[in-house]
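protein.cif (mmCIF, C-alpha atoms) appears below.
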```cif
data_run
loop_
_atom_site.group_PDB
_atom_site.id
_atom_site.type_symbol
_atom_site.label_atom_id
_atom_site.label_comp_id
_atom_site.auth_asym_id
_atom_site.auth_seq_id
_atom_site.Cartn_x
_atom_site.Cartn_y
_atom_site.Cartn_z
ATOM 1 C CA MET A 410 0.000 0.000 0.000
ATOM 2 C CA MET A 411 1.015 3.611 -0.309
ATOM 3 C CA ARG A 412 2.373 5.432 2.690
ATOM 4 C CA VAL A 413 2.374 9.174 3.034
ATOM 5 C CA LEU A 414 4.858 11.270 4.998
ATOM 6 C CA GLY A 415 3.588 14.417 6.721
ATOM 7 C CA ILE A 416 5.967 17.339 7.219
ATOM 8 C CA ASP A 417 5.675 20.446 9.392
ATOM 9 C CA TYR A 418 8.650 22.456 8.070
ATOM 10 C CA GLY A 419 10.193 25.046 10.382
ATOM 11 C CA ASP A 420 13.356 27.132 10.646
ATOM 12 C CA SER A 421 15.224 24.795 12.963
ATOM 13 C CA ARG A 422 12.860 21.884 13.626
ATOM 14 C CA VAL A 423 10.725 19.719 11.353
ATOM 15 C CA GLY A 424 7.858 17.585 12.578
ATOM 16 C CA ILE A 425 7.385 14.223 10.868
ATOM 17 C CA ALA A 426 4.347 11.936 10.713
ATOM 18 C CA VAL A 427 3.543 8.874 8.597
ATOM 19 C CA THR A 428 0.456 6.911 7.655
ATOM 20 C CA ASP A 429 0.066 3.261 8.541
ATOM 21 C CA PRO A 430 0.502 0.744 5.657
ATOM 22 C CA LEU A 431 -3.240 0.883 4.865
ATOM 23 C CA GLY A 432 -3.301 4.686 4.798
ATOM 24 C CA ILE A 433 -5.952 4.869 7.519
ATOM 25 C CA ILE A 434 -4.080 6.253 10.532
ATOM 26 C CA ALA A 435 -1.587 9.132 10.815
ATOM 27 C CA GLU A 436 1.118 8.603 13.416
ATOM 28 C CA GLY A 437 3.505 11.279 14.673
ATOM 29 C CA LEU A 438 7.057 9.964 14.349
ATOM 30 C CA GLU A 439 9.596 12.522 15.446
ATOM 31 C CA THR A 440 10.890 16.060 15.380
ATOM 32 C CA ILE A 441 14.106 16.535 13.426
ATOM 33 C CA ASN A 442 16.324 19.234 14.932
ATOM 34 C CA TYR A 443 18.296 20.351 11.895
ATOM 35 C CA LEU A 444 19.082 23.961 12.885
ATOM 36 C CA GLY A 445 18.538 25.218 9.325
ATOM 37 C CA ASN A 446 20.976 22.746 7.728
ATOM 38 C CA ASP A 447 18.967 21.107 4.941
ATOM 39 C CA LYS A 448 21.684 18.464 4.394
ATOM 40 C CA ILE A 449 20.992 17.060 7.868
ATOM 41 C CA LEU A 450 17.254 17.189 7.227
ATOM 42 C CA LEU A 451 17.421 15.575 3.778
ATOM 43 C CA LYS A 452 19.681 12.788 5.091
ATOM 44 C CA ARG A 453 17.098 11.901 7.750
ATOM 45 C CA LEU A 454 14.274 12.137 5.196
ATOM 46 C CA ASP A 455 16.222 9.700 2.968
ATOM 47 C CA GLU A 456 16.232 7.208 5.830
ATOM 48 C CA LEU A 457 12.532 7.644 6.591
ATOM 49 C CA ILE A 458 11.443 7.497 2.943
ATOM 50 C CA GLU A 459 13.338 4.251 2.479
ATOM 51 C CA LYS A 460 12.231 2.709 5.778
ATOM 52 C CA TYR A 461 8.534 3.445 5.270
ATOM 53 C CA ASP A 462 8.490 3.124 1.454
ATOM 54 C CA ILE A 463 6.952 6.587 1.081
ATOM 55 C CA THR A 464 5.014 7.334 -2.119
ATOM 56 C CA LYS A 465 3.711 10.819 -1.261
ATOM 57 C CA ILE A 466 4.705 13.725 0.961
ATOM 58 C CA ALA A 467 2.140 16.115 2.466
ATOM 59 C CA ILE A 468 3.834 19.322 3.574
ATOM 60 C CA GLY A 469 2.211 22.172 5.453
ATOM 61 C CA ILE A 470 2.025 25.616 3.871
ATOM 62 C CA PRO A 471 1.917 28.374 6.532
ATOM 63 C CA VAL A 472 -0.590 30.865 5.115
ATOM 64 C CA ASN A 473 -2.180 33.682 7.118
ATOM 65 C CA MET A 474 -5.707 33.323 8.453
ATOM 66 C CA ASP A 475 -6.985 35.453 5.556
ATOM 67 C CA GLY A 476 -5.283 33.135 3.039
ATOM 68 C CA THR A 477 -2.430 35.486 2.133
ATOM 69 C CA LYS A 478 1.115 34.191 1.928
ATOM 70 C CA THR A 479 3.568 34.651 4.767
ATOM 71 C CA GLN A 480 7.333 34.997 4.423
ATOM 72 C CA ARG A 481 7.537 31.378 5.612
ATOM 73 C CA VAL A 482 5.581 30.295 2.528
ATOM 74 C CA GLU A 483 8.481 31.392 0.307
ATOM 75 C CA VAL A 484 10.985 29.504 2.472
ATOM 76 C CA THR A 485 8.757 26.425 2.455
ATOM 77 C CA GLU A 486 8.323 26.629 -1.340
ATOM 78 C CA LYS A 487 12.118 26.656 -1.759
ATOM 79 C CA PHE A 488 12.320 23.547 0.401
ATOM 80 C CA ILE A 489 9.538 21.899 -1.634
ATOM 81 C CA HIS A 490 11.595 22.593 -4.762
ATOM 82 C CA LYS A 491 14.527 20.737 -3.160
ATOM 83 C CA LEU A 492 12.215 17.841 -2.314
ATOM 84 C CA LYS A 493 10.891 17.678 -5.888
ATOM 85 C CA CYS A 494 14.423 17.670 -7.321
ATOM 86 C CA LYS A 495 15.681 15.011 -4.906
ATOM 87 C CA TYR A 496 12.588 12.788 -4.821
ATOM 88 C CA ASN A 497 11.239 13.229 -8.342
ATOM 89 C CA LYS A 498 9.165 10.027 -8.173
ATOM 90 C CA ILE A 499 7.368 11.075 -4.982
ATOM 91 C CA GLU A 500 4.300 13.279 -5.251
ATOM 92 C CA ILE A 501 4.496 16.412 -3.084
ATOM 93 C CA ILE A 502 1.147 17.759 -1.837
ATOM 94 C CA ARG A 503 0.788 21.199 -0.270
ATOM 95 C CA ILE A 504 -1.569 21.347 2.711
ATOM 96 C CA ASP A 505 -2.936 24.508 4.328
ATOM 97 C CA GLU A 506 -1.571 24.293 7.852
ATOM 98 C CA ARG A 507 -3.478 27.156 9.454
ATOM 99 C CA LEU A 508 -4.062 26.480 13.140
ATOM 100 C CA THR A 509 -2.202 23.144 13.263
ATOM 101 C CA THR A 510 0.260 24.489 15.842
ATOM 102 C CA VAL A 511 -2.603 25.990 17.853
ATOM 103 C CA GLU A 512 -4.406 22.628 17.779
ATOM 104 C CA ALA A 513 -1.198 20.828 18.758
ATOM 105 C CA HIS A 514 -0.819 23.098 21.807
ATOM 106 C CA LYS A 515 -4.478 22.518 22.757
ATOM 107 C CA THR A 516 -3.945 18.768 22.515
ATOM 108 C CA MET A 517 -0.846 18.934 24.710
ATOM 109 C CA ASN A 518 -2.691 21.086 27.274
ATOM 110 C CA ILE A 519 -5.580 18.594 27.398
ATOM 111 C CA LEU A 520 -3.100 15.751 27.873
ATOM 112 C CA GLY A 521 -1.222 17.668 30.557
ATOM 113 C CA VAL A 522 2.113 17.609 28.752
ATOM 114 C CA ASN A 523 4.879 19.251 30.774
ATOM 115 C CA LYS A 524 5.688 22.704 29.354
ATOM 116 C CA TYR A 525 9.371 21.752 28.990
ATOM 117 C CA LYS A 526 8.472 18.760 26.791
ATOM 118 C CA LYS A 527 6.092 20.718 24.539
ATOM 119 C CA LYS A 528 8.870 22.258 22.437
ATOM 120 C CA ASN A 529 10.143 18.800 21.506
ATOM 121 C CA ILE A 530 6.802 17.381 20.381
ATOM 122 C CA VAL A 531 4.678 20.288 19.096
ATOM 123 C CA ASP A 532 6.096 19.949 15.565
ATOM 124 C CA THR A 533 5.483 16.204 15.497
ATOM 125 C CA ILE A 534 1.849 16.694 16.516
ATOM 126 C CA SER A 535 1.477 19.473 13.928
ATOM 127 C CA ALA A 536 2.862 17.139 11.239
ATOM 128 C CA GLN A 537 0.279 14.552 12.275
ATOM 129 C CA TYR A 538 -2.519 17.144 11.902
ATOM 130 C CA ILE A 539 -1.160 18.153 8.464
ATOM 131 C CA LEU A 540 -1.174 14.506 7.419
ATOM 132 C CA GLU A 541 -4.697 13.995 8.773
ATOM 133 C CA SER A 542 -5.841 17.043 6.750
ATOM 134 C CA TYR A 543 -4.404 15.451 3.629
ATOM 135 C CA MET A 544 -6.102 12.151 4.415
ATOM 136 C CA LYS A 545 -9.498 13.865 4.858
ATOM 137 C CA GLN A 546 -9.102 15.618 1.499
ATOM 138 C CA SER A 547 -8.083 12.508 -0.393
ATOM 139 C CA TYR A 548 -10.702 10.049 0.900
#
```
Conversion result in structure tokens:
Amino acid sequence: MMRVLGIDYGDSRVGIAVTDPLGIIAEGLETINYLGNDKILLKRLDELIEKYDITKIAIGIPVNMDGTKTQRVEVTEKFIHKLKCKYNKIEIIRIDERLTTVEAHKTMNILGVNKYKKKNIVDTISAQYILESYMKQSY
């Protein structure tokens, strides 16, 4: 079956999620601390794409609430270009990620996550929400 990778792309951290083999469930995997070095990030993505046999990537696009583009959209689009060049057989899908970080913080508050641990998992949860958004659109 096809597996989809979800990405919440940030300046220094990237949240990663993946679907199960049947494409029914989105699971948060990890947060990659790459500190702006795309080589580190792409190396880890290579490993994950191979391990999970990824056929599609759903990446969040950080637009404003009114739908206008933010400066982060340009940075994310440049990264998407790198992904397309490197993984030309993998479909890249852009997903509106408005409020995913807000929802991730709400989820962590409901679960009582320690405030010191939130920084390490907020991007992973956001990636899971991005992937779930893709799954809702495609089914």
Query raised in the report: What lies within 8 Å of A:Ile416 using only C-alpha atoms, ignoring chain neighbours under 6 positions off, as a PyMOL selection string?
Result: chain A and resi 423-426+466-469+536+539-540
Query raised in the report: Hey, what's within 12 Å of stretch 458-460 of chain A if we count only C-alpha atoms and toss same-chain stuff fewer than 5 positions away? As a ChimeraX atom specification, please?
Result: /A:411-415,425-428,430,451-453,465-466,492,495-496,498-499
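Note that atom CA of A:Tyr443 and atom CA of A:Glu486 are 17.7 Å apart.
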Query raised in the report: What does the PyMOL selection byres ((chain A and resi 513) around 12) select in this file, as a ChimeraX atom specification?
Result: /A:417,424,437,506-512,514-520,522,527-539
Those same residues, written as a PDB file, in the frame of the given file with C-alpha atoms?
```pdb
ATOM      1  CA  ASP A 417       5.675  20.446   9.392  1.00  0.00           C
ATOM      2  CA  GLY A 424       7.858  17.585  12.578  1.00  0.00           C
ATOM      3  CA  GLY A 437       3.505  11.279  14.673  1.00  0.00           C
ATOM      4  CA  GLU A 506      -1.571  24.293   7.852  1.00  0.00           C
ATOM      5  CA  ARG A 507      -3.478  27.156   9.454  1.00  0.00           C
ATOM      6  CA  LEU A 508      -4.062  26.480  13.140  1.00  0.00           C
ATOM      7  CA  THR A 509      -2.202  23.144  13.263  1.00  0.00           C
ATOM      8  CA  THR A 510       0.260  24.489  15.842  1.00  0.00           C
ATOM      9  CA  VAL A 511      -2.603  25.990  17.853  1.00  0.00           C
ATOM     10  CA  GLU A 512      -4.406  22.628  17.779  1.00  0.00           C
ATOM     11  CA  HIS A 514      -0.819  23.098  21.807  1.00  0.00           C
ATOM     12  CA  LYS A 515      -4.478  22.518  22.757  1.00  0.00           C
ATOM     13  CA  THR A 516      -3.945  18.768  22.515  1.00  0.00           C
ATOM     14  CA  MET A 517      -0.846  18.934  24.710  1.00  0.00           C
ATOM     15  CA  ASN A 518      -2.691  21.086  27.274  1.00  0.00           C
ATOM     16  CA  ILE A 519      -5.580  18.594  27.398  1.00  0.00           C
ATOM     17  CA  LEU A 520      -3.100  15.751  27.873  1.00  0.00           C
ATOM     18  CA  VAL A 522       2.113  17.609  28.752  1.00  0.00           C
ATOM     19  CA  LYS A 527       6.092  20.718  24.539  1.00  0.00           C
ATOM     20  CA  LYS A 528       8.870  22.258  22.437  1.00  0.00           C
ATOM     21  CA  ASN A 529      10.143  18.800  21.506  1.00  0.00           C
ATOM     22  CA  ILE A 530       6.802  17.381  20.381  1.00  0.00           C
ATOM     23  CA  VAL A 531       4.678  20.288  19.096  1.00  0.00           C
ATOM     24  CA  ASP A 532       6.096  19.949  15.565  1.00  0.00           C
ATOM     25  CA  THR A 533       5.483  16.204  15.497  1.00  0.00           C
ATOM     26  CA  ILE A 534       1.849  16.694  16.516  1.00  0.00           C
ATOM     27  CA  SER A 535       1.477  19.473  13.928  1.00  0.00           C
ATOM     28  CA  ALA A 536       2.862  17.139  11.239  1.00  0.00           C
ATOM     29  CA  GLN A 537       0.279  14.552  12.275  1.00  0.00           C
ATOM     30  CA  TYR A 538      -2.519  17.144  11.902  1.00  0.00           C
ATOM     31  CA  ILE A 539      -1.160  18.153   8.464  1.00  0.00           C
TER      32      ILE A 539
END
```
Requested in this report: Would you kindly translate the PyMOL selection byres ((chain A and resi 420) around 6) into the concrete residues it picks from this file, as a ChimeraX atom specification?
Outcome: /A:419,421,445
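With atom CA of A:Lys524 on one side and atom CA of A:Asn442 on the other, the separation reads 18.3 Å.
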The centre and edge lengths of an axis-aligned box containing all atoms of stretch 502-519 of chain A present in the file, extended by 6 Å on each side, are to be given in Å to one decimal, as lines of an AutoDock Vina configuration file.
```
center_x = -2.2
center_y = 22.5
center_z = 12.8
size_x = 18.7
size_y = 21.4
size_z = 41.2
```
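One finds atom CA of A:Ala435 at 8.4 Å from atom CA of A:Met544.
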Report summary line: Among A:Arg422, A:Glu500, A:Ile434, A:Lys545, A:Ile449 is approached most closely, using only C-alpha atoms, by A:Arg422
Requested in this report: Enumerate, as a list in words, the residues matched when the PyMOL selection byres ((chain A and resi 472) around 12) is run on the file above.
Outcome: Gly469, Ile470, Pro471, Asn473, Met474, Asp475, Gly476, Thr477, Lys478, Thr479, Gln480, Arg481, Val482, Glu483, Val484, Thr485, Glu486, Arg503, Ile504, Asp505, Glu506, Arg507, Leu508 and Thr509 of chain A
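Distances here use all atoms listed in the file; by that measure, the residue among A:Leu444, A:Ile433, A:Leu457, A:Tyr418 closest to A:Ser547 is A:Ile433.
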Dump stretch 491-519 of chain A with N, CA and C atoms to a file, as a JSON list (two decimals), in the first residue's frame.
```
[["chain", "number", "residue", "atom", "x", "y", "z"],
["A", 491, "LYS", "N", 13.45, 21.69, -3.45],
["A", 491, "LYS", "CA", 14.53, 20.74, -3.16],
["A", 491, "LYS", "C", 13.98, 19.32, -3.08],
["A", 492, "LEU", "N", 12.82, 19.16, -2.42],
["A", 492, "LEU", "CA", 12.21, 17.84, -2.31],
["A", 492, "LEU", "C", 11.87, 17.28, -3.69],
["A", 493, "LYS", "N", 11.28, 18.12, -4.54],
["A", 493, "LYS", "CA", 10.89, 17.68, -5.89],
["A", 493, "LYS", "C", 12.10, 17.27, -6.71],
["A", 494, "CYS", "N", 13.20, 18.00, -6.58],
["A", 494, "CYS", "CA", 14.42, 17.67, -7.32],
["A", 494, "CYS", "C", 15.03, 16.36, -6.81],
["A", 495, "LYS", "N", 15.05, 16.20, -5.51],
["A", 495, "LYS", "CA", 15.68, 15.01, -4.91],
["A", 495, "LYS", "C", 14.80, 13.76, -5.02],
["A", 496, "TYR", "N", 13.52, 13.93, -4.82],
["A", 496, "TYR", "CA", 12.59, 12.79, -4.82],
["A", 496, "TYR", "C", 11.59, 12.96, -5.96],
["A", 497, "ASN", "N", 12.09, 12.93, -7.19],
["A", 497, "ASN", "CA", 11.24, 13.23, -8.34],
["A", 497, "ASN", "C", 10.16, 12.18, -8.63],
["A", 498, "LYS", "N", 10.21, 11.05, -7.98],
["A", 498, "LYS", "CA", 9.17, 10.03, -8.17],
["A", 498, "LYS", "C", 8.11, 10.06, -7.07],
["A", 499, "ILE", "N", 8.30, 10.96, -6.10],
["A", 499, "ILE", "CA", 7.37, 11.08, -4.98],
["A", 499, "ILE", "C", 6.51, 12.32, -5.19],
["A", 500, "GLU", "N", 5.21, 12.15, -5.11],
["A", 500, "GLU", "CA", 4.30, 13.28, -5.25],
["A", 500, "GLU", "C", 4.35, 14.15, -3.99],
["A", 501, "ILE", "N", 4.46, 15.46, -4.19],
["A", 501, "ILE", "CA", 4.50, 16.41, -3.08],
["A", 501, "ILE", "C", 3.16, 17.17, -3.08],
["A", 502, "ILE", "N", 2.46, 17.12, -1.96],
["A", 502, "ILE", "CA", 1.15, 17.76, -1.84],
["A", 502, "ILE", "C", 1.25, 18.87, -0.81],
["A", 503, "ARG", "N", 0.80, 20.05, -1.18],
["A", 503, "ARG", "CA", 0.79, 21.20, -0.27],
["A", 503, "ARG", "C", -0.52, 21.20, 0.51],
["A", 504, "ILE", "N", -0.40, 21.35, 1.83],
["A", 504, "ILE", "CA", -1.57, 21.35, 2.71],
["A", 504, "ILE", "C", -1.60, 22.65, 3.52],
["A", 505, "ASP", "N", -2.74, 23.30, 3.52],
["A", 505, "ASP", "CA", -2.94, 24.51, 4.33],
["A", 505, "ASP", "C", -2.79, 24.10, 5.79],
["A", 506, "GLU", "N", -1.83, 24.71, 6.46],
["A", 506, "GLU", "CA", -1.57, 24.29, 7.85],
["A", 506, "GLU", "C", -2.06, 25.30, 8.88],
["A", 507, "ARG", "N", -2.96, 26.18, 8.48],
["A", 507, "ARG", "CA", -3.48, 27.16, 9.45],
["A", 507, "ARG", "C", -4.00, 26.44, 10.69],
["A", 508, "LEU", "N", -3.60, 26.93, 11.82],
["A", 508, "LEU", "CA", -4.06, 26.48, 13.14],
["A", 508, "LEU", "C", -3.54, 25.11, 13.58],
["A", 509, "THR", "N", -2.69, 24.45, 12.80],
["A", 509, "THR", "CA", -2.20, 23.14, 13.26],
["A", 509, "THR", "C", -1.37, 23.27, 14.53],
["A", 510, "THR", "N", -0.55, 24.31, 14.63],
["A", 510, "THR", "CA", 0.26, 24.49, 15.84],
["A", 510, "THR", "C", -0.63, 24.84, 17.03],
["A", 511, "VAL", "N", -1.65, 25.65, 16.78],
["A", 511, "VAL", "CA", -2.60, 25.99, 17.85],
["A", 511, "VAL", "C", -3.30, 24.72, 18.34],
["A", 512, "GLU", "N", -3.75, 23.89, 17.41],
["A", 512, "GLU", "CA", -4.41, 22.63, 17.78],
["A", 512, "GLU", "C", -3.44, 21.70, 18.51],
["A", 513, "ALA", "N", -2.19, 21.67, 18.08],
["A", 513, "ALA", "CA", -1.20, 20.83, 18.76],
["A", 513, "ALA", "C", -1.02, 21.28, 20.21],
["A", 514, "HIS", "N", -0.95, 22.59, 20.43],
["A", 514, "HIS", "CA", -0.82, 23.10, 21.81],
["A", 514, "HIS", "C", -2.06, 22.77, 22.64],
["A", 515, "LYS", "N", -3.25, 22.88, 22.04],
["A", 515, "LYS", "CA", -4.48, 22.52, 22.76],
["A", 515, "LYS", "C", -4.44, 21.05, 23.16],
["A", 516, "THR", "N", -4.03, 20.21, 22.23],
["A", 516, "THR", "CA", -3.95, 18.77, 22.52],
["A", 516, "THR", "C", -2.98, 18.51, 23.67],
["A", 517, "MET", "N", -1.82, 19.14, 23.64],
["A", 517, "MET", "CA", -0.85, 18.93, 24.71],
["A", 517, "MET", "C", -1.36, 19.45, 26.04],
["A", 518, "ASN", "N", -2.11, 20.57, 26.03],
["A", 518, "ASN", "CA", -2.69, 21.09, 27.27],
["A", 518, "ASN", "C", -3.72, 20.11, 27.84],
["A", 519, "ILE", "N", -4.57, 19.57, 26.96],
["A", 519, "ILE", "CA", -5.58, 18.59, 27.40],
["A", 519, "ILE", "C", -4.92, 17.36, 28.00]]
```
